[in-house]
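With compact mmCIF, C-alpha atoms inside, this is structure_27.txt:
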```txt
# COMPACT_ATOMS: atom_id res chain seq x y z
CA MET A 797 3.80 -2.46 27.24
CA GLY A 798 7.33 -3.62 26.52
CA ILE A 799 9.28 -3.17 23.33
CA TYR A 800 7.33 -3.72 20.15
CA LEU A 801 9.45 -4.64 17.12
CA ASP A 802 6.78 -6.14 14.89
CA HIS A 803 5.84 -3.11 12.81
CA ALA A 804 5.87 -5.12 9.58
CA ALA A 805 2.89 -7.00 11.01
CA THR A 806 1.11 -3.86 12.10
CA THR A 807 1.85 -0.38 13.43
CA PHE A 808 0.11 1.60 16.13
CA PRO A 809 -2.10 4.41 14.85
CA ASP A 810 -0.58 7.86 15.13
CA PRO A 811 -2.44 10.12 17.63
CA LYS A 812 -3.23 12.50 14.74
CA VAL A 813 -4.81 9.57 12.90
CA LEU A 814 -6.89 8.73 15.96
CA GLN A 815 -8.02 12.36 16.10
CA ALA A 816 -9.03 12.27 12.43
CA VAL A 817 -10.95 9.02 12.91
CA SER A 818 -12.59 10.26 16.10
CA ARG A 819 -13.59 13.56 14.48
CA CYS A 820 -15.18 11.60 11.65
CA CYS A 821 -17.11 9.38 14.08
CA GLN A 822 -18.48 12.41 15.91
CA GLN A 823 -19.30 14.49 12.85
CA GLY A 824 -22.62 12.85 11.99
CA LEU A 825 -21.46 11.77 8.56
CA GLY A 826 -23.82 9.82 6.36
CA ASN A 827 -23.16 7.08 3.87
CA ALA A 828 -20.60 8.47 1.42
CA SER A 829 -22.78 7.26 -1.45
CA ALA A 830 -25.89 9.13 -0.29
CA GLN A 831 -26.94 12.31 -2.07
CA HIS A 832 -28.01 14.38 0.96
CA ARG A 833 -25.67 16.82 2.71
CA ALA A 834 -24.60 14.27 5.33
CA GLY A 835 -23.62 11.96 2.47
CA VAL A 836 -21.80 14.69 0.55
CA GLN A 837 -19.85 15.60 3.71
CA ALA A 838 -18.76 11.97 4.02
CA ALA A 839 -17.86 11.90 0.33
CA MET A 840 -15.67 14.96 0.90
CA VAL A 841 -13.76 13.07 3.59
CA VAL A 842 -13.27 10.13 1.22
CA GLU A 843 -12.24 12.34 -1.69
CA HIS A 844 -9.80 14.36 0.40
CA ALA A 845 -8.08 11.15 1.54
CA ARG A 846 -8.07 9.89 -2.04
CA GLN A 847 -6.34 13.07 -3.23
CA VAL A 848 -3.72 12.91 -0.48
CA ILE A 849 -2.89 9.22 -1.02
CA ALA A 850 -2.92 9.43 -4.83
CA GLY A 851 -0.75 12.55 -4.69
CA SER A 852 1.80 10.78 -2.51
CA ILE A 853 2.51 8.26 -5.31
CA HIS A 854 2.19 10.82 -8.14
CA ALA A 855 -1.09 9.34 -9.33
CA ASP A 856 -4.33 11.00 -10.34
CA SER A 857 -7.00 10.68 -7.67
CA GLN A 858 -9.26 8.94 -10.19
CA GLU A 859 -6.73 6.14 -10.36
CA LEU A 860 -7.06 5.25 -6.66
CA TYR A 861 -9.68 2.84 -5.31
CA PHE A 862 -10.38 2.08 -1.67
CA PHE A 863 -10.55 -1.49 -0.41
CA SER A 864 -10.64 -3.18 2.99
CA GLY A 865 -6.92 -3.89 3.14
CA GLY A 866 -3.85 -5.17 1.32
CA THR A 867 -5.02 -8.77 1.13
CA GLU A 868 -8.24 -7.75 -0.55
CA VAL A 869 -6.38 -5.55 -3.02
CA ASN A 870 -3.95 -8.33 -3.91
CA ASN A 871 -6.83 -10.77 -4.45
CA ALA A 872 -8.69 -8.19 -6.53
CA VAL A 873 -5.64 -7.64 -8.75
CA MET A 874 -4.82 -11.30 -9.29
CA LYS A 875 -8.36 -12.51 -9.87
CA GLY A 876 -9.55 -9.28 -11.46
CA ILE A 877 -6.83 -9.05 -14.09
CA ALA A 878 -7.08 -12.77 -14.77
CA GLY A 879 -10.82 -12.40 -15.36
CA ALA A 880 -10.62 -9.28 -17.47
CA ARG A 881 -7.68 -10.40 -19.63
CA ARG A 882 -8.17 -14.14 -19.96
CA LYS A 883 -9.03 -13.69 -23.64
CA TYR A 884 -5.50 -12.35 -24.20
CA GLY A 885 -3.71 -15.14 -22.33
CA ARG A 886 -3.68 -17.28 -19.24
CA HIS A 887 -0.13 -16.87 -17.98
CA ILE A 888 0.88 -14.94 -14.87
CA ILE A 889 4.34 -14.37 -13.39
CA VAL A 890 4.93 -13.81 -9.66
CA SER A 891 8.05 -13.92 -7.52
CA ALA A 892 8.55 -16.92 -5.26
CA ILE A 893 8.63 -14.69 -2.17
CA GLU A 894 5.32 -12.87 -2.59
CA HIS A 895 2.91 -12.53 0.31
CA PRO A 896 0.37 -15.37 0.64
CA SER A 897 -2.32 -12.94 -0.54
CA ILE A 898 -0.62 -13.12 -3.97
CA LEU A 899 0.56 -16.73 -3.88
CA GLU A 900 -2.74 -18.23 -2.77
CA PRO A 901 -4.78 -16.47 -5.49
CA ALA A 902 -2.07 -17.63 -7.93
CA ARG A 903 -2.60 -21.23 -6.82
CA TRP A 904 -6.35 -20.78 -7.06
CA LEU A 905 -5.96 -19.43 -10.59
CA GLU A 906 -3.87 -22.47 -11.51
CA LYS A 907 -6.88 -24.59 -10.58
CA GLN A 908 -8.96 -22.43 -12.93
CA GLY A 909 -6.68 -23.24 -15.86
CA PHE A 910 -4.14 -20.43 -15.64
CA ARG A 911 -0.40 -21.10 -15.76
CA VAL A 912 1.71 -19.36 -13.13
CA SER A 913 5.50 -18.95 -13.22
CA TYR A 914 7.15 -18.51 -9.83
CA VAL A 915 10.34 -16.56 -10.46
CA PRO A 916 13.17 -17.41 -8.05
CA VAL A 917 15.26 -14.97 -6.01
CA ASP A 918 18.96 -14.89 -5.19
CA ARG A 919 20.37 -15.47 -1.69
CA GLN A 920 19.56 -11.89 -0.77
CA GLY A 921 15.99 -12.21 -1.96
CA ARG A 922 16.36 -10.18 -5.16
CA VAL A 923 14.44 -10.92 -8.32
CA ASP A 924 16.49 -10.69 -11.52
CA PRO A 925 14.48 -8.79 -14.18
CA ASP A 926 16.07 -11.08 -16.78
CA ASP A 927 14.34 -14.03 -15.13
CA ILE A 928 11.06 -12.18 -15.61
CA ARG A 929 11.96 -11.54 -19.24
CA ARG A 930 12.80 -15.21 -19.82
CA SER A 931 9.53 -16.32 -18.21
CA MET A 932 7.39 -14.09 -20.41
CA THR A 933 5.40 -15.56 -23.27
CA LYS A 934 2.90 -14.08 -25.68
CA LYS A 935 0.22 -15.32 -23.28
CA THR A 936 1.53 -13.44 -20.22
CA ILE A 937 -1.06 -11.01 -18.91
CA LEU A 938 0.31 -10.00 -15.50
CA VAL A 939 3.55 -9.78 -13.54
CA SER A 940 3.40 -9.24 -9.78
CA VAL A 941 6.54 -8.53 -7.75
CA MET A 942 6.37 -6.88 -4.34
CA GLN A 943 8.34 -3.67 -3.77
CA ALA A 944 9.76 -4.81 -0.42
CA ASN A 945 9.45 -8.20 1.18
CA ASN A 946 7.54 -8.49 4.44
CA GLU A 947 9.95 -10.96 6.06
CA ILE A 948 13.45 -10.03 4.98
CA GLY A 949 12.82 -6.48 3.76
CA THR A 950 14.59 -6.94 0.43
CA VAL A 951 13.70 -4.20 -2.04
CA GLN A 952 13.05 -5.32 -5.60
CA PRO A 953 14.10 -3.54 -8.80
CA VAL A 954 10.50 -2.58 -9.57
CA LYS A 955 11.38 0.17 -12.02
CA ALA A 956 13.42 -2.21 -14.20
CA ILE A 957 10.67 -4.82 -14.04
CA GLY A 958 8.01 -2.19 -14.72
CA GLN A 959 9.88 -0.88 -17.75
CA LEU A 960 10.30 -4.40 -19.10
CA CYS A 961 6.60 -5.15 -18.64
CA ARG A 962 5.56 -1.87 -20.30
CA GLN A 963 7.77 -2.66 -23.30
CA GLN A 964 6.18 -6.11 -23.58
CA GLY A 965 2.62 -4.84 -23.09
CA VAL A 966 2.16 -6.84 -19.88
CA TYR A 967 0.54 -5.32 -16.80
CA PHE A 968 2.83 -4.94 -13.80
CA HIS A 969 1.57 -5.02 -10.24
CA THR A 970 3.62 -4.32 -7.14
CA ASP A 971 2.49 -4.96 -3.59
CA ALA A 972 3.81 -1.92 -1.73
CA SER A 973 2.24 -2.83 1.61
CA GLN A 974 5.64 -2.92 3.32
CA SER A 975 7.27 -0.05 1.46
CA PHE A 976 4.58 2.62 1.19
CA THR A 977 5.81 5.87 2.85
CA LYS A 978 9.19 4.17 3.39
CA ILE A 979 10.34 4.10 -0.23
CA PRO A 980 9.22 6.96 -2.49
CA ILE A 981 6.78 5.69 -5.11
CA ASP A 982 6.24 7.41 -8.43
CA VAL A 983 3.85 5.36 -10.51
CA ARG A 984 4.79 7.13 -13.75
CA ARG A 985 8.56 7.07 -13.26
CA ASP A 986 8.50 3.42 -12.14
CA TYR A 987 6.14 2.15 -14.89
CA LEU A 988 3.67 0.82 -12.33
CA ASP A 989 0.26 -0.28 -13.57
CA LEU A 990 -1.21 -1.54 -10.31
CA VAL A 991 -0.03 -0.94 -6.74
CA THR A 992 -1.28 -2.29 -3.42
CA LEU A 993 -1.25 0.11 -0.46
CA SER A 994 -2.13 -0.70 3.14
CA SER A 995 -3.18 1.68 5.89
CA HIS A 996 -2.26 -0.15 9.08
CA LYS A 997 1.38 -0.56 8.03
CA VAL A 998 1.78 3.23 7.98
CA HIS A 999 0.24 4.14 11.36
CA GLY A 1000 -3.27 4.26 9.90
CA PRO A 1001 -6.30 2.24 11.01
CA LYS A 1002 -6.77 -1.43 10.15
CA GLY A 1003 -9.38 -2.47 7.61
CA VAL A 1004 -8.41 -0.02 4.88
CA GLY A 1005 -6.29 -0.40 1.80
CA ALA A 1006 -6.08 1.13 -1.63
CA LEU A 1007 -5.41 0.05 -5.16
CA TYR A 1008 -3.66 2.31 -7.62
CA MET A 1009 -4.74 1.27 -11.09
CA ARG A 1010 -3.45 3.16 -14.12
CA GLN A 1011 -6.17 4.88 -16.08
CA GLY A 1012 -7.54 2.66 -18.85
CA ILE A 1013 -6.89 -0.66 -17.09
CA GLN A 1014 -9.92 -2.74 -16.27
CA ILE A 1015 -10.36 -5.54 -13.77
CA ASP A 1016 -13.26 -7.83 -13.02
CA PRO A 1017 -14.67 -7.00 -9.59
CA LEU A 1018 -13.88 -9.34 -6.74
CA MET A 1019 -17.24 -8.65 -5.15
CA HIS A 1020 -20.48 -7.74 -6.81
CA GLY A 1021 -22.90 -5.25 -5.34
CA GLY A 1022 -23.31 -1.50 -5.51
CA SER A 1023 -21.43 0.67 -7.96
CA HIS A 1024 -18.99 2.01 -5.36
CA GLU A 1025 -15.50 2.75 -6.65
CA HIS A 1026 -16.70 2.54 -10.25
CA GLY A 1027 -17.98 -0.99 -9.60
CA ILE A 1028 -14.49 -2.23 -8.78
CA ARG A 1029 -15.10 -2.61 -5.05
CA ALA A 1030 -18.70 -2.88 -3.94
CA GLY A 1031 -19.54 -2.07 -0.33
CA THR A 1032 -20.25 0.93 1.86
CA TYR A 1033 -17.27 3.23 2.28
CA ASN A 1034 -15.33 2.85 5.53
CA THR A 1035 -15.30 6.63 5.84
CA GLU A 1036 -13.65 6.75 9.26
CA GLY A 1037 -10.93 4.31 8.25
CA ILE A 1038 -10.33 6.10 4.98
CA ALA A 1039 -10.02 9.43 6.83
CA GLY A 1040 -7.43 7.86 9.12
CA PHE A 1041 -5.52 6.36 6.19
CA GLY A 1042 -5.43 9.75 4.48
CA LYS A 1043 -4.19 11.43 7.65
CA ALA A 1044 -1.49 8.79 8.15
CA VAL A 1045 -0.16 9.43 4.65
CA GLU A 1046 -0.48 13.21 5.01
CA ILE A 1047 1.70 13.26 8.14
CA SER A 1048 4.26 10.74 6.89
CA ASP A 1049 7.65 12.39 6.94
CA ARG A 1050 10.68 11.46 4.86
CA ARG A 1051 12.91 12.35 7.80
CA ASP A 1052 11.52 9.29 9.56
CA ILE A 1053 12.92 7.12 6.75
CA VAL A 1054 16.41 8.49 7.33
CA ARG A 1055 16.10 8.05 11.09
CA MET A 1056 14.79 4.48 10.81
CA ARG A 1057 17.52 3.58 8.33
CA ARG A 1058 20.23 4.82 10.70
CA LEU A 1059 18.70 2.99 13.62
CA ARG A 1060 18.30 -0.19 11.55
CA ASP A 1061 21.98 -0.08 10.55
CA TYR A 1062 22.97 0.55 14.17
CA PHE A 1063 20.81 -2.41 15.24
CA ILE A 1064 22.43 -4.70 12.67
CA ARG A 1065 25.94 -3.57 13.68
CA GLN A 1066 25.23 -4.09 17.37
CA VAL A 1067 23.82 -7.59 16.86
CA GLU A 1068 26.75 -8.60 14.66
CA MET A 1069 29.18 -7.15 17.21
CA HIS A 1070 27.65 -8.64 20.36
CA VAL A 1071 25.92 -11.88 19.36
CA PRO A 1072 28.22 -14.60 17.99
CA GLY A 1073 26.73 -16.73 15.23
CA ALA A 1074 24.24 -14.05 14.10
CA ARG A 1075 23.68 -13.96 10.35
CA LEU A 1076 21.70 -11.28 8.59
CA ASN A 1077 19.01 -12.54 6.21
CA GLY A 1078 18.19 -10.48 3.14
CA SER A 1079 20.15 -7.74 1.46
CA ARG A 1080 22.42 -5.35 3.33
CA GLN A 1081 21.92 -2.53 0.81
CA ALA A 1082 18.59 -3.12 -0.94
CA ARG A 1083 16.62 -3.27 2.28
CA VAL A 1084 13.55 -1.39 3.47
CA CYS A 1085 14.46 1.09 6.22
CA ASN A 1086 12.73 -0.66 9.14
CA ASN A 1087 13.56 -4.34 8.63
CA VAL A 1088 16.10 -6.44 10.51
CA ASN A 1089 16.08 -10.23 10.08
CA PHE A 1090 18.70 -12.43 11.74
CA SER A 1091 19.27 -16.14 12.11
CA PHE A 1092 21.15 -17.30 15.16
CA GLU A 1093 23.27 -20.42 14.93
CA GLY A 1094 22.28 -23.30 17.14
CA LEU A 1095 18.80 -22.18 18.04
CA THR A 1096 15.39 -21.83 16.52
CA GLY A 1097 13.66 -18.54 15.91
CA LYS A 1098 10.70 -19.90 17.87
CA GLY A 1099 12.91 -20.54 20.89
CA LEU A 1100 14.29 -17.01 20.89
CA PHE A 1101 10.83 -15.61 20.19
CA SER A 1102 9.47 -17.31 23.33
CA VAL A 1103 12.26 -16.05 25.58
CA LEU A 1104 11.97 -12.51 24.26
CA ASN A 1105 8.19 -12.66 24.52
CA LYS A 1106 8.52 -13.41 28.25
CA LYS A 1107 10.68 -10.31 28.53
CA ASN A 1108 7.96 -8.27 26.79
CA ILE A 1109 9.99 -7.87 23.62
CA PHE A 1110 7.75 -8.55 20.67
CA VAL A 1111 9.32 -9.86 17.46
CA ALA A 1112 8.27 -12.28 14.72
CA THR A 1113 9.48 -15.56 13.31
CA GLY A 1114 8.88 -16.32 9.66
CA SER A 1115 6.07 -14.05 8.57
CA ALA A 1116 3.44 -12.89 11.01
CA CYS A 1117 0.71 -14.62 9.06
CA ALA A 1118 2.55 -17.93 9.24
CA SER A 1119 3.82 -17.71 12.80
CA ASN A 1120 1.26 -20.20 14.10
CA GLU A 1121 2.43 -22.76 11.59
CA LEU A 1122 5.50 -24.86 12.14
CA LYS A 1123 6.50 -25.04 8.49
CA VAL A 1124 9.49 -22.97 7.41
CA SER A 1125 8.69 -19.69 5.72
CA HIS A 1126 8.55 -19.91 1.93
CA VAL A 1127 10.57 -16.70 1.76
CA LEU A 1128 13.52 -18.07 3.74
CA GLN A 1129 13.31 -21.33 1.81
CA ALA A 1130 13.48 -19.42 -1.47
CA LEU A 1131 16.76 -17.80 -0.38
CA GLY A 1132 18.42 -21.21 -0.37
CA ILE A 1133 20.03 -20.61 3.02
CA GLY A 1134 19.34 -24.06 4.37
CA GLN A 1135 16.76 -25.43 6.76
CA GLU A 1136 18.67 -24.77 9.98
CA ARG A 1137 19.35 -21.11 9.24
CA ALA A 1138 15.78 -20.63 8.03
CA ASN A 1139 14.50 -22.14 11.29
CA GLY A 1140 16.65 -19.74 13.27
CA ALA A 1141 15.28 -16.56 11.69
CA VAL A 1142 13.80 -13.76 13.75
CA ARG A 1143 12.30 -10.64 12.20
CA MET A 1144 12.45 -7.33 14.04
CA THR A 1145 10.84 -4.32 12.43
CA LEU A 1146 11.09 -0.74 13.62
CA SER A 1147 8.76 2.23 13.42
CA LYS A 1148 9.25 5.97 13.47
CA TRP A 1149 8.90 5.80 17.25
CA THR A 1150 11.52 3.12 17.92
CA THR A 1151 14.38 4.51 20.02
CA LYS A 1152 18.08 3.75 20.35
CA LYS A 1153 17.46 2.95 24.00
CA GLU A 1154 14.98 0.26 22.98
CA ILE A 1155 17.40 -1.18 20.44
CA ASP A 1156 20.17 -1.31 23.05
CA ALA A 1157 17.84 -3.13 25.42
CA VAL A 1158 16.82 -5.61 22.72
CA VAL A 1159 20.43 -6.33 21.71
CA LYS A 1160 21.26 -6.99 25.36
CA ALA A 1161 18.23 -9.27 25.71
CA ILE A 1162 19.07 -11.16 22.51
CA ARG A 1163 22.65 -11.64 23.65
CA SER A 1164 21.69 -13.06 27.04
CA SER A 1165 18.81 -15.13 25.62
CA VAL A 1166 20.92 -16.65 22.87
CA ASN A 1167 23.66 -17.56 25.34
CA LYS A 1168 21.12 -19.07 27.75
CA ILE A 1169 19.42 -21.15 25.04
CA ARG A 1170 22.77 -22.39 23.74
CA VAL A 1171 23.90 -23.43 27.23
CA GLN A 1172 20.61 -25.28 27.81
CA ALA A 1173 20.96 -27.06 24.48
CA MET V 328 -16.01 38.55 -18.56
CA LYS V 329 -15.41 36.42 -15.45
CA LYS V 330 -11.95 35.08 -14.83
CA ILE V 331 -12.01 31.34 -14.17
CA GLU V 332 -9.36 30.58 -11.56
CA GLU V 333 -9.79 26.81 -11.42
CA SER V 334 -11.45 24.11 -13.44
CA ILE V 335 -12.18 20.42 -12.87
CA ASP V 336 -13.37 17.84 -15.33
CA LEU V 337 -15.77 15.59 -13.42
CA SER V 338 -16.64 13.41 -16.40
CA GLY V 339 -17.34 9.87 -15.28
CA VAL V 340 -17.18 10.76 -11.58
CA PRO V 341 -20.31 9.40 -9.88
CA CYS V 342 -22.51 11.21 -7.36
CA PRO V 343 -21.85 12.36 -4.75
CA MET V 344 -18.06 12.14 -5.32
CA ASN V 345 -18.34 14.75 -8.08
CA ALA V 346 -19.97 17.25 -5.70
CA ALA V 347 -17.40 16.37 -3.02
CA ARG V 348 -14.50 17.08 -5.38
CA ALA V 349 -15.99 20.40 -6.43
CA LEU V 350 -16.57 21.38 -2.80
CA LEU V 351 -13.02 20.45 -1.82
CA LYS V 352 -11.69 22.59 -4.66
CA LEU V 353 -13.93 25.51 -3.75
CA ALA V 354 -12.80 25.27 -0.12
CA GLN V 355 -9.23 25.94 -1.27
CA MET V 356 -10.18 28.95 -3.41
CA GLN V 357 -10.47 32.60 -2.47
CA ASP V 358 -13.81 34.30 -1.90
CA ASN V 359 -15.53 35.59 -5.06
CA SER V 360 -13.29 33.50 -7.33
CA PHE V 361 -14.76 31.27 -10.03
CA LEU V 362 -14.59 27.52 -10.55
CA GLU V 363 -15.57 25.87 -13.81
CA ILE V 364 -16.65 22.22 -13.75
CA ILE V 365 -17.62 19.74 -16.43
CA LEU V 366 -20.39 17.36 -15.42
CA ASP V 367 -22.08 14.40 -17.05
CA ASP V 368 -25.71 14.60 -18.02
CA GLY V 369 -28.27 12.68 -15.97
CA GLU V 370 -27.85 12.26 -12.23
CA PRO V 371 -24.80 14.55 -11.90
CA ILE V 372 -26.49 17.60 -13.42
CA VAL V 373 -29.55 16.94 -11.26
CA ASN V 374 -27.64 16.51 -7.97
CA VAL V 375 -24.46 18.58 -8.08
CA PRO V 376 -25.80 22.14 -8.52
CA GLY V 377 -28.08 21.68 -5.51
CA ALA V 378 -25.26 20.21 -3.42
CA LEU V 379 -23.08 23.25 -4.17
CA GLU V 380 -25.88 25.73 -3.50
CA ASP V 381 -26.63 23.98 -0.20
CA GLU V 382 -23.12 24.94 0.91
CA GLY V 383 -23.61 28.58 -0.07
CA TYR V 384 -21.99 28.67 -3.51
CA ARG V 385 -23.64 30.37 -6.48
CA ILE V 386 -24.09 28.75 -9.87
CA MET V 387 -23.45 31.62 -12.29
CA VAL V 388 -23.47 29.74 -15.59
CA LYS V 389 -25.04 26.39 -16.51
CA GLU V 390 -24.51 25.44 -20.11
CA ARG V 391 -25.07 22.22 -22.05
CA ARG V 392 -22.07 21.02 -24.02
CA GLY V 393 -23.12 18.01 -26.09
CA LYS V 394 -23.76 15.19 -23.65
CA GLN V 395 -22.19 17.12 -20.80
CA TRP V 396 -22.67 20.29 -18.84
CA MET V 397 -20.41 23.20 -17.98
CA LEU V 398 -21.02 25.05 -14.73
CA GLN V 399 -19.34 28.20 -13.52
CA ILE V 400 -19.53 28.56 -9.76
CA GLN V 401 -18.72 31.59 -7.68
CA LYS V 402 -17.36 31.11 -4.21
```
Take the structure in this file and express it as structure tokens.
Amino acid sequence: MGIYLDHAATTFPDPKVLQAVSRCCQQGLGNASAQHRAGVQAAMVVEHARQVIAGSIHADSQELYFFSGGTEVNNAVMKGIAGARRKYGRHIIVSAIEHPSILEPARWLEKQGFRVSYVPVDRQGRVDPDDIRRSMTKKTILVSVMQANNEIGTVQPVKAIGQLCRQQGVYFHTDASQSFTKIPIDVRRDYLDLVTLSSHKVHGPKGVGALYMRQGIQIDPLMHGGSHEHGIRAGTYNTEGIAGFGKAVEISDRRDIVRMRRLRDYFIRQVEMHVPGARLNGSRQARVCNNVNFSFEGLTGKGLFSVLNKKNIFVATGSACASNELKVSHVLQALGIGQERANGAVRMTLSKWTTKKEIDAVVKAIRSSVNKIRVQA
Amino acid sequence: MKKIEESIDLSGVPCPMNAARALLKLAQMQDNSFLEIILDDGEPIVNVPGALEDEGYRIMVKERRGKQWMLQIQK
């Protein structure tokens, strides 16, 4: 298979997750909305997963809603809050480095007459809560800042932003797709009103996500249909996927965070030691435990990507979603690091299964590939 | 007087999620212990008692409380 270092794009399901999904498929479960015993059995699977996932972020299970993935949750939050609160104001604040599933709904909302402020970040990718404060007006209805960035891994001061928003009576949403199970989340302690969670980033199945929404908050539904999830997300429950998501969260282990952090730091040290002209993008301290993002002087990320790809080492340039596009990532642009450095960025993201042996092999491959590309140039 | 070991307020929880939550709670409890649940009137009070009895639990008390219902269930 090679060495897979693109876990920010997706992870492989844990064997225990596969077992949970498989068991569900073989159990003869009905539609989790049906009233017969086969339906109630399916509902029990859904509710068990809901309790596990809600418990992991210190939420009540009634505050957790299942969706088809992080993108759908982010769209539901942006459009749903805008719809439900437009009578209170039409101003939304997001950071400049949000995922496209926040930025594109923001742009769509602008076309619908909303005003959106795009708060900048510093060279490490950090949002300054004071910039949020300065952007707020009496018409602000929502602030959305991701907990950890998908490209450079920078962790945002969500608690400070959450506290500020709570004081101002503005809803605060954080997209925790990249940080869930990697950074402890406590929705009460961190003043979080809405949180996006994704299954396939945490060794769960694809096609499942969840929204934490603090009790009392209302959003307009993205889709209209049945009354599933209190009318917030219509559509038949993906019972098997939800079971797998619940299992993935249940077996997540904080010791993996410590191990990944150590390996990440080792990886960064080795690259800086052995590859001349390597520059780390993002923050050295405020960084999610599995993210490494380097630019290499004198070459493009795409060039290195191609050479590594031939060696069966799988990394990413820019963000995974944008890797088919030639334009420079909006995240790297927002750092103000210059076009050349932004073009040279390569993202490598670890999982709980990544080994030191793999990292050593990758560092060696990067070193030889970088030298080869530079000689050819 | 029965000792209620656990209680769940299932107000606003739609069917069959209300039954599912009660069953998950009962599964964690010891044999012969009692669970008290609060249910909404309408569909929940029609569906949930049957769903619990189908799984072998006994409804010991069923009492109207305003627009809601209180059930005591023995495992």
Self-check item: Near-stretch 943-959 of chain A list (7 Å; all atoms listed in the file; drop same-chain fewer than 2 positions) as a PyMOL selection string
Solution: chain A and resi 804+921-923+925+941+961-963+968+970-972+974-975+986-988+1077-1079+1082-1084+1087+1089+1114-1115+1143
Saved selection, atoms kept: C-alpha atoms, as a PDB file, keeping the file's coordinate frame:
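Result file is part32.pdb:
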```
ATOM      1  CA  ALA A 804       5.870  -5.120   9.580  1.00  0.00           C
ATOM      2  CA  GLY A 921      15.990 -12.210  -1.960  1.00  0.00           C
ATOM      3  CA  ARG A 922      16.360 -10.180  -5.160  1.00  0.00           C
ATOM      4  CA  VAL A 923      14.440 -10.920  -8.320  1.00  0.00           C
ATOM      5  CA  PRO A 925      14.480  -8.790 -14.180  1.00  0.00           C
ATOM      6  CA  VAL A 941       6.540  -8.530  -7.750  1.00  0.00           C
ATOM      7  CA  CYS A 961       6.600  -5.150 -18.640  1.00  0.00           C
ATOM      8  CA  ARG A 962       5.560  -1.870 -20.300  1.00  0.00           C
ATOM      9  CA  GLN A 963       7.770  -2.660 -23.300  1.00  0.00           C
ATOM     10  CA  PHE A 968       2.830  -4.940 -13.800  1.00  0.00           C
ATOM     11  CA  THR A 970       3.620  -4.320  -7.140  1.00  0.00           C
ATOM     12  CA  ASP A 971       2.490  -4.960  -3.590  1.00  0.00           C
ATOM     13  CA  ALA A 972       3.810  -1.920  -1.730  1.00  0.00           C
ATOM     14  CA  GLN A 974       5.640  -2.920   3.320  1.00  0.00           C
ATOM     15  CA  SER A 975       7.270  -0.050   1.460  1.00  0.00           C
ATOM     16  CA  ASP A 986       8.500   3.420 -12.140  1.00  0.00           C
ATOM     17  CA  TYR A 987       6.140   2.150 -14.890  1.00  0.00           C
ATOM     18  CA  LEU A 988       3.670   0.820 -12.330  1.00  0.00           C
ATOM     19  CA  ASN A1077      19.010 -12.540   6.210  1.00  0.00           C
ATOM     20  CA  GLY A1078      18.190 -10.480   3.140  1.00  0.00           C
ATOM     21  CA  SER A1079      20.150  -7.740   1.460  1.00  0.00           C
ATOM     22  CA  ALA A1082      18.590  -3.120  -0.940  1.00  0.00           C
ATOM     23  CA  ARG A1083      16.620  -3.270   2.280  1.00  0.00           C
ATOM     24  CA  VAL A1084      13.550  -1.390   3.470  1.00  0.00           C
ATOM     25  CA  ASN A1087      13.560  -4.340   8.630  1.00  0.00           C
ATOM     26  CA  ASN A1089      16.080 -10.230  10.080  1.00  0.00           C
ATOM     27  CA  GLY A1114       8.880 -16.320   9.660  1.00  0.00           C
ATOM     28  CA  SER A1115       6.070 -14.050   8.570  1.00  0.00           C
ATOM     29  CA  ARG A1143      12.300 -10.640  12.200  1.00  0.00           C
TER      30      ARG A1143
END
```
Practice problem: May I have the residues within 12 Å of A:Asn1034 as a ChimeraX atom specification, using only C-alpha atoms and disregarding those fewer than 4 positions away in the same chain? | Solution: /A:817,820-821,825-829,838-839,841-842,845,862-865,1001-1006,1024,1029-1030,1038-1041
Counting only C-alpha atoms, collect the residues of chain V whose closest atom lies at most 10 Å from chain A, and write them out as a compact mmCIF listing (two decimals) with C-alpha atoms, in the coordinates of the input.
```txt
# COMPACT_ATOMS: atom_id res chain seq x y z
CA LEU V 337 -15.77 15.59 -13.42
CA GLY V 339 -17.34 9.87 -15.28
CA VAL V 340 -17.18 10.76 -11.58
CA PRO V 341 -20.31 9.40 -9.88
CA CYS V 342 -22.51 11.21 -7.36
CA PRO V 343 -21.85 12.36 -4.75
CA MET V 344 -18.06 12.14 -5.32
CA ASN V 345 -18.34 14.75 -8.08
CA ALA V 346 -19.97 17.25 -5.70
CA ALA V 347 -17.40 16.37 -3.02
CA ARG V 348 -14.50 17.08 -5.38
CA ALA V 349 -15.99 20.40 -6.43
CA LEU V 350 -16.57 21.38 -2.80
CA LEU V 351 -13.02 20.45 -1.82
CA LYS V 352 -11.69 22.59 -4.66
CA ASN V 374 -27.64 16.51 -7.97
CA VAL V 375 -24.46 18.58 -8.08
CA GLY V 377 -28.08 21.68 -5.51
CA ALA V 378 -25.26 20.21 -3.42
CA LEU V 379 -23.08 23.25 -4.17
CA ASP V 381 -26.63 23.98 -0.20
CA GLU V 382 -23.12 24.94 0.91
```
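The spacing separating atom CA of A:Gln1066 from atom CA of A:Ser1165 amounts to 15.2 Å.
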Practice problem: Work out how far apart atom CA of V:Asp358 and atom CA of V:Glu390 are and give it in Å to one decimal. | Solution: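 Value for the atom CA of V:Asp358-atom CA of V:Glu390 distance: 22.9 Å.
Atom CA of A:Thr1150 sits 17.1 Å away from atom CA of A:Lys1107.
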Practice problem: Rank A:Ser1147, A:Ser1164, A:Thr867, A:Gln1011 by their smallest atom-to-atom distance to A:Ser994, using all atoms listed in the file, and report the top residue only. | Solution: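 Ranking A:Ser1147, A:Ser1164, A:Thr867, A:Gln1011 by distance to A:Ser994, first place goes to A:Thr867.
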